[in-house]
Amino acid sequence: TGASGITLAGQDAAQLGIDPASLSYLGRAVTANGEVRTARIKLPLVTVGPFSDQDVTAFVTDGPMEMSLLGMDYL
């Protein structure tokens with residue numbers, strides 16, 4: 001995807017029980033669609049196939065995204 005970190009679209013964060021409106025958007029990211037604000041969060045569990053990791057740093061963006069991104073930092 002070209003993304004550095006795990007980046008959640010607002011709607012995906014909401015489906016995980018994270019309220020995007022309550023987050024502090026202190027970071028910034030440059031995307032193909034321009035600059036967006038980001039909020040750092042911790043995901044209690046990330047599972048990809050047979051691999052699971054706990055307390056994974058991720059970001060929620062306040063910009064429009066069609067889908068969330070599994071970043072290269074995680075891979």
# chains A, B, ... in the order shown; residues from 1 in each chain; ligands from 1
$ select_by_dssp --residues "segment 2-70 of chain A" --states "strand (DSSP E)" --output "JSON, numbers by chain"
{"A": [7, 8, 27, 28, 29, 30, 31, 34, 35, 36, 37, 38, 39, 40, 41, 42, 43, 44, 45, 46, 47, 48, 51, 52, 53, 54, 55, 56, 57, 58, 59, 60, 61]}
$ residues_around --residues "Ile18 of chain A" --least-positions-apart "2" --cutoff "12 Å" --atoms "only C-alpha atoms" --output "ChimeraX atom specification"
/A:8-16,20-23,39-44,59-60
$ write_last_selection --atoms "N, CA, C and O atoms" --output "PDB file, in the first residue's frame"
ATOM      1  N   LEU A   8      -6.097   3.243  10.180  1.00  0.00           N
ATOM      2  CA  LEU A   8      -7.510   2.897  10.148  1.00  0.00           C
ATOM      3  C   LEU A   8      -8.344   4.053   9.627  1.00  0.00           C
ATOM      4  O   LEU A   8      -8.173   5.199  10.058  1.00  0.00           O
ATOM      5  N   ALA A   9      -9.236   3.737   8.727  1.00  0.00           N
ATOM      6  CA  ALA A   9     -10.245   4.706   8.304  1.00  0.00           C
ATOM      7  C   ALA A   9     -11.185   4.920   9.485  1.00  0.00           C
ATOM      8  O   ALA A   9     -11.376   4.019  10.310  1.00  0.00           O
ATOM      9  N   GLY A  10     -11.768   6.087   9.579  1.00  0.00           N
ATOM     10  CA  GLY A  10     -12.660   6.406  10.686  1.00  0.00           C
ATOM     11  C   GLY A  10     -13.776   5.394  10.871  1.00  0.00           C
ATOM     12  O   GLY A  10     -14.086   4.979  11.988  1.00  0.00           O
ATOM     13  N   GLN A  11     -14.376   4.947   9.770  1.00  0.00           N
ATOM     14  CA  GLN A  11     -15.485   3.999   9.864  1.00  0.00           C
ATOM     15  C   GLN A  11     -15.017   2.642  10.384  1.00  0.00           C
ATOM     16  O   GLN A  11     -15.733   1.969  11.118  1.00  0.00           O
ATOM     17  N   ASP A  12     -13.804   2.229  10.039  1.00  0.00           N
ATOM     18  CA  ASP A  12     -13.275   0.966  10.550  1.00  0.00           C
ATOM     19  C   ASP A  12     -12.934   1.079  12.031  1.00  0.00           C
ATOM     20  O   ASP A  12     -13.162   0.145  12.801  1.00  0.00           O
ATOM     21  N   ALA A  13     -12.389   2.216  12.440  1.00  0.00           N
ATOM     22  CA  ALA A  13     -12.118   2.441  13.859  1.00  0.00           C
ATOM     23  C   ALA A  13     -13.415   2.354  14.652  1.00  0.00           C
ATOM     24  O   ALA A  13     -13.467   1.726  15.717  1.00  0.00           O
ATOM     25  N   ALA A  14     -14.473   2.962  14.140  1.00  0.00           N
ATOM     26  CA  ALA A  14     -15.766   2.940  14.828  1.00  0.00           C
ATOM     27  C   ALA A  14     -16.292   1.512  14.962  1.00  0.00           C
ATOM     28  O   ALA A  14     -16.842   1.145  15.997  1.00  0.00           O
ATOM     29  N   GLN A  15     -16.089   0.683  13.934  1.00  0.00           N
ATOM     30  CA  GLN A  15     -16.531  -0.709  14.003  1.00  0.00           C
ATOM     31  C   GLN A  15     -15.764  -1.494  15.069  1.00  0.00           C
ATOM     32  O   GLN A  15     -16.270  -2.478  15.597  1.00  0.00           O
ATOM     33  N   LEU A  16     -14.550  -1.039  15.394  1.00  0.00           N
ATOM     34  CA  LEU A  16     -13.758  -1.685  16.445  1.00  0.00           C
ATOM     35  C   LEU A  16     -14.082  -1.134  17.832  1.00  0.00           C
ATOM     36  O   LEU A  16     -13.465  -1.521  18.813  1.00  0.00           O
ATOM     37  N   PRO A  20     -13.899   7.871  16.806  1.00  0.00           N
ATOM     38  CA  PRO A  20     -12.978   8.794  16.138  1.00  0.00           C
ATOM     39  C   PRO A  20     -13.115  10.238  16.613  1.00  0.00           C
ATOM     40  O   PRO A  20     -12.130  10.976  16.641  1.00  0.00           O
ATOM     41  N   ALA A  21     -14.298  10.643  17.014  1.00  0.00           N
ATOM     42  CA  ALA A  21     -14.509  12.026  17.455  1.00  0.00           C
ATOM     43  C   ALA A  21     -13.835  12.314  18.790  1.00  0.00           C
ATOM     44  O   ALA A  21     -13.569  13.462  19.115  1.00  0.00           O
ATOM     45  N   SER A  22     -13.520  11.276  19.559  1.00  0.00           N
ATOM     46  CA  SER A  22     -12.918  11.479  20.879  1.00  0.00           C
ATOM     47  C   SER A  22     -11.389  11.463  20.844  1.00  0.00           C
ATOM     48  O   SER A  22     -10.749  11.667  21.873  1.00  0.00           O
ATOM     49  N   LEU A  23     -10.806  11.214  19.683  1.00  0.00           N
ATOM     50  CA  LEU A  23      -9.353  11.088  19.572  1.00  0.00           C
ATOM     51  C   LEU A  23      -8.672  12.448  19.426  1.00  0.00           C
ATOM     52  O   LEU A  23      -9.284  13.410  18.944  1.00  0.00           O
ATOM     53  N   ALA A  39      -4.359  10.297  14.573  1.00  0.00           N
ATOM     54  CA  ALA A  39      -4.370  10.078  16.017  1.00  0.00           C
ATOM     55  C   ALA A  39      -3.730   8.714  16.282  1.00  0.00           C
ATOM     56  O   ALA A  39      -4.113   7.713  15.670  1.00  0.00           O
ATOM     57  N   ARG A  40      -2.754   8.675  17.183  1.00  0.00           N
ATOM     58  CA  ARG A  40      -2.083   7.418  17.530  1.00  0.00           C
ATOM     59  C   ARG A  40      -2.952   6.657  18.529  1.00  0.00           C
ATOM     60  O   ARG A  40      -3.469   7.230  19.479  1.00  0.00           O
ATOM     61  N   ILE A  41      -3.109   5.350  18.273  1.00  0.00           N
ATOM     62  CA  ILE A  41      -3.859   4.482  19.175  1.00  0.00           C
ATOM     63  C   ILE A  41      -3.074   3.190  19.381  1.00  0.00           C
ATOM     64  O   ILE A  41      -2.078   2.945  18.685  1.00  0.00           O
ATOM     65  N   LYS A  42      -3.498   2.379  20.320  1.00  0.00           N
ATOM     66  CA  LYS A  42      -2.955   1.032  20.520  1.00  0.00           C
ATOM     67  C   LYS A  42      -4.073   0.037  20.258  1.00  0.00           C
ATOM     68  O   LYS A  42      -5.164   0.154  20.823  1.00  0.00           O
ATOM     69  N   LEU A  43      -3.808  -0.929  19.403  1.00  0.00           N
ATOM     70  CA  LEU A  43      -4.761  -2.001  19.168  1.00  0.00           C
ATOM     71  C   LEU A  43      -4.399  -3.150  20.110  1.00  0.00           C
ATOM     72  O   LEU A  43      -3.245  -3.594  20.126  1.00  0.00           O
ATOM     73  N   PRO A  44      -5.341  -3.633  20.896  1.00  0.00           N
ATOM     74  CA  PRO A  44      -5.009  -4.678  21.859  1.00  0.00           C
ATOM     75  C   PRO A  44      -4.558  -5.983  21.200  1.00  0.00           C
ATOM     76  O   PRO A  44      -3.730  -6.699  21.749  1.00  0.00           O
ATOM     77  N   PHE A  59      -2.769   4.082  13.695  1.00  0.00           N
ATOM     78  CA  PHE A  59      -3.215   5.465  13.548  1.00  0.00           C
ATOM     79  C   PHE A  59      -4.625   5.483  12.976  1.00  0.00           C
ATOM     80  O   PHE A  59      -4.965   4.659  12.139  1.00  0.00           O
ATOM     81  N   VAL A  60      -5.408   6.430  13.431  1.00  0.00           N
ATOM     82  CA  VAL A  60      -6.721   6.691  12.843  1.00  0.00           C
ATOM     83  C   VAL A  60      -6.597   8.028  12.137  1.00  0.00           C
ATOM     84  O   VAL A  60      -6.034   8.977  12.681  1.00  0.00           O
TER      85      VAL A  60
END
$ closest_residue --among "A:Ser4, A:Thr47, A:Ser24, A:Thr38" --to "Gly71 of chain A" --atoms "only C-alpha atoms"
A:Ser4
$ atom_distance --atom1 "atom CA of Gln54 of chain A" --atom2 "atom CA of Val36 of chain A"
26.5 Å
$ atom_distance --atom1 "atom CA of Phe51 of chain A" --atom2 "atom CA of Val30 of chain A"
29.1 Å
$ closest_residue --among "A:Leu26, A:Ala58, A:Glu35, A:Gly49" --to "Met72 of chain A" --atoms "only C-alpha atoms"
A:Ala58
$ select_by_dssp --residues "segment 4-58 of chain A" --states "alpha helix (DSSP H)" --output "list in words"
Gly10, Gln11, Asp12, Ala13, Ala14 and Gln15 of chain A
$ closest_residue --among "A:Arg28, A:Asp53, A:Thr7, A:Gly17" --to "Met65 of chain A" --atoms "only C-alpha atoms"
A:Thr7
$ decode --residues "segment 20-56 of chain A" --atoms "N, CA and C atoms" --output "JSON list (two decimals), in the first residue's frame"
[["chain", "number", "residue", "atom", "x", "y", "z"],
["A", 20, "PRO", "N", -13.90, 7.87, 16.81],
["A", 20, "PRO", "CA", -12.98, 8.79, 16.14],
["A", 20, "PRO", "C", -13.11, 10.24, 16.61],
["A", 21, "ALA", "N", -14.30, 10.64, 17.01],
["A", 21, "ALA", "CA", -14.51, 12.03, 17.46],
["A", 21, "ALA", "C", -13.83, 12.31, 18.79],
["A", 22, "SER", "N", -13.52, 11.28, 19.56],
["A", 22, "SER", "CA", -12.92, 11.48, 20.88],
["A", 22, "SER", "C", -11.39, 11.46, 20.84],
["A", 23, "LEU", "N", -10.81, 11.21, 19.68],
["A", 23, "LEU", "CA", -9.35, 11.09, 19.57],
["A", 23, "LEU", "C", -8.67, 12.45, 19.43],
["A", 24, "SER", "N", -7.42, 12.50, 19.82],
["A", 24, "SER", "CA", -6.59, 13.70, 19.64],
["A", 24, "SER", "C", -5.76, 13.54, 18.37],
["A", 25, "TYR", "N", -6.07, 14.29, 17.37],
["A", 25, "TYR", "CA", -5.38, 14.21, 16.08],
["A", 25, "TYR", "C", -4.18, 15.14, 16.10],
["A", 26, "LEU", "N", -3.09, 14.65, 16.64],
["A", 26, "LEU", "CA", -1.88, 15.46, 16.82],
["A", 26, "LEU", "C", -0.83, 15.23, 15.74],
["A", 27, "GLY", "N", -0.96, 14.12, 15.00],
["A", 27, "GLY", "CA", 0.02, 13.80, 13.96],
["A", 27, "GLY", "C", -0.47, 14.20, 12.58],
["A", 28, "ARG", "N", 0.43, 14.08, 11.61],
["A", 28, "ARG", "CA", 0.08, 14.37, 10.22],
["A", 28, "ARG", "C", 0.70, 13.31, 9.33],
["A", 29, "ALA", "N", 0.02, 13.01, 8.25],
["A", 29, "ALA", "CA", 0.54, 12.07, 7.26],
["A", 29, "ALA", "C", 0.28, 12.64, 5.87],
["A", 30, "VAL", "N", 1.22, 12.38, 4.99],
["A", 30, "VAL", "CA", 1.05, 12.80, 3.60],
["A", 30, "VAL", "C", 0.62, 11.58, 2.80],
["A", 31, "THR", "N", -0.52, 11.69, 2.16],
["A", 31, "THR", "CA", -1.07, 10.58, 1.38],
["A", 31, "THR", "C", -1.17, 10.99, -0.09],
["A", 32, "ALA", "N", -1.57, 10.05, -0.90],
["A", 32, "ALA", "CA", -1.77, 10.35, -2.32],
["A", 32, "ALA", "C", -2.87, 11.39, -2.50],
["A", 33, "ASN", "N", -3.76, 11.50, -1.51],
["A", 33, "ASN", "CA", -4.85, 12.47, -1.58],
["A", 33, "ASN", "C", -4.55, 13.76, -0.83],
["A", 34, "GLY", "N", -3.31, 13.92, -0.38],
["A", 34, "GLY", "CA", -2.94, 15.13, 0.35],
["A", 34, "GLY", "C", -2.64, 14.84, 1.80],
["A", 35, "GLU", "N", -2.50, 15.89, 2.58],
["A", 35, "GLU", "CA", -2.15, 15.76, 3.99],
["A", 35, "GLU", "C", -3.40, 15.53, 4.85],
["A", 36, "VAL", "N", -3.28, 14.61, 5.82],
["A", 36, "VAL", "CA", -4.38, 14.33, 6.75],
["A", 36, "VAL", "C", -3.84, 14.35, 8.18],
["A", 37, "ARG", "N", -4.74, 14.59, 9.12],
["A", 37, "ARG", "CA", -4.38, 14.52, 10.53],
["A", 37, "ARG", "C", -4.53, 13.08, 11.00],
["A", 38, "THR", "N", -3.69, 12.67, 11.96],
["A", 38, "THR", "CA", -3.74, 11.31, 12.49],
["A", 38, "THR", "C", -3.75, 11.32, 14.01],
["A", 39, "ALA", "N", -4.36, 10.30, 14.57],
["A", 39, "ALA", "CA", -4.37, 10.08, 16.02],
["A", 39, "ALA", "C", -3.73, 8.71, 16.28],
["A", 40, "ARG", "N", -2.75, 8.68, 17.18],
["A", 40, "ARG", "CA", -2.08, 7.42, 17.53],
["A", 40, "ARG", "C", -2.95, 6.66, 18.53],
["A", 41, "ILE", "N", -3.11, 5.35, 18.27],
["A", 41, "ILE", "CA", -3.86, 4.48, 19.18],
["A", 41, "ILE", "C", -3.07, 3.19, 19.38],
["A", 42, "LYS", "N", -3.50, 2.38, 20.32],
["A", 42, "LYS", "CA", -2.95, 1.03, 20.52],
["A", 42, "LYS", "C", -4.07, 0.04, 20.26],
["A", 43, "LEU", "N", -3.81, -0.93, 19.40],
["A", 43, "LEU", "CA", -4.76, -2.00, 19.17],
["A", 43, "LEU", "C", -4.40, -3.15, 20.11],
["A", 44, "PRO", "N", -5.34, -3.63, 20.90],
["A", 44, "PRO", "CA", -5.01, -4.68, 21.86],
["A", 44, "PRO", "C", -4.56, -5.98, 21.20],
["A", 45, "LEU", "N", -5.08, -6.26, 19.99],
["A", 45, "LEU", "CA", -4.71, -7.50, 19.31],
["A", 45, "LEU", "C", -4.86, -7.31, 17.80],
["A", 46, "VAL", "N", -3.84, -7.73, 17.06],
["A", 46, "VAL", "CA", -3.90, -7.76, 15.60],
["A", 46, "VAL", "C", -3.56, -9.19, 15.17],
["A", 47, "THR", "N", -4.42, -9.78, 14.36],
["A", 47, "THR", "CA", -4.20, -11.14, 13.87],
["A", 47, "THR", "C", -4.23, -11.12, 12.35],
["A", 48, "VAL", "N", -3.17, -11.65, 11.75],
["A", 48, "VAL", "CA", -3.07, -11.80, 10.30],
["A", 48, "VAL", "C", -2.69, -13.24, 10.04],
["A", 49, "GLY", "N", -3.65, -14.00, 9.51],
["A", 49, "GLY", "CA", -3.40, -15.43, 9.31],
["A", 49, "GLY", "C", -3.06, -16.09, 10.63],
["A", 50, "PRO", "N", -1.95, -16.84, 10.68],
["A", 50, "PRO", "CA", -1.59, -17.54, 11.91],
["A", 50, "PRO", "C", -0.82, -16.67, 12.90],
["A", 51, "PHE", "N", -0.58, -15.41, 12.58],
["A", 51, "PHE", "CA", 0.24, -14.53, 13.43],
["A", 51, "PHE", "C", -0.63, -13.56, 14.22],
["A", 52, "SER", "N", -0.31, -13.41, 15.50],
["A", 52, "SER", "CA", -1.03, -12.48, 16.36],
["A", 52, "SER", "C", -0.03, -11.64, 17.15],
["A", 53, "ASP", "N", -0.35, -10.37, 17.33],
["A", 53, "ASP", "CA", 0.48, -9.46, 18.10],
["A", 53, "ASP", "C", -0.42, -8.64, 19.01],
["A", 54, "GLN", "N", 0.08, -8.32, 20.21],
["A", 54, "GLN", "CA", -0.66, -7.53, 21.17],
["A", 54, "GLN", "C", -0.09, -6.12, 21.27],
["A", 55, "ASP", "N", -0.96, -5.20, 21.65],
["A", 55, "ASP", "CA", -0.57, -3.80, 21.87],
["A", 55, "ASP", "C", 0.19, -3.21, 20.69],
["A", 56, "VAL", "N", -0.44, -3.22, 19.54],
["A", 56, "VAL", "CA", 0.17, -2.74, 18.29],
["A", 56, "VAL", "C", -0.20, -1.27, 18.08]]
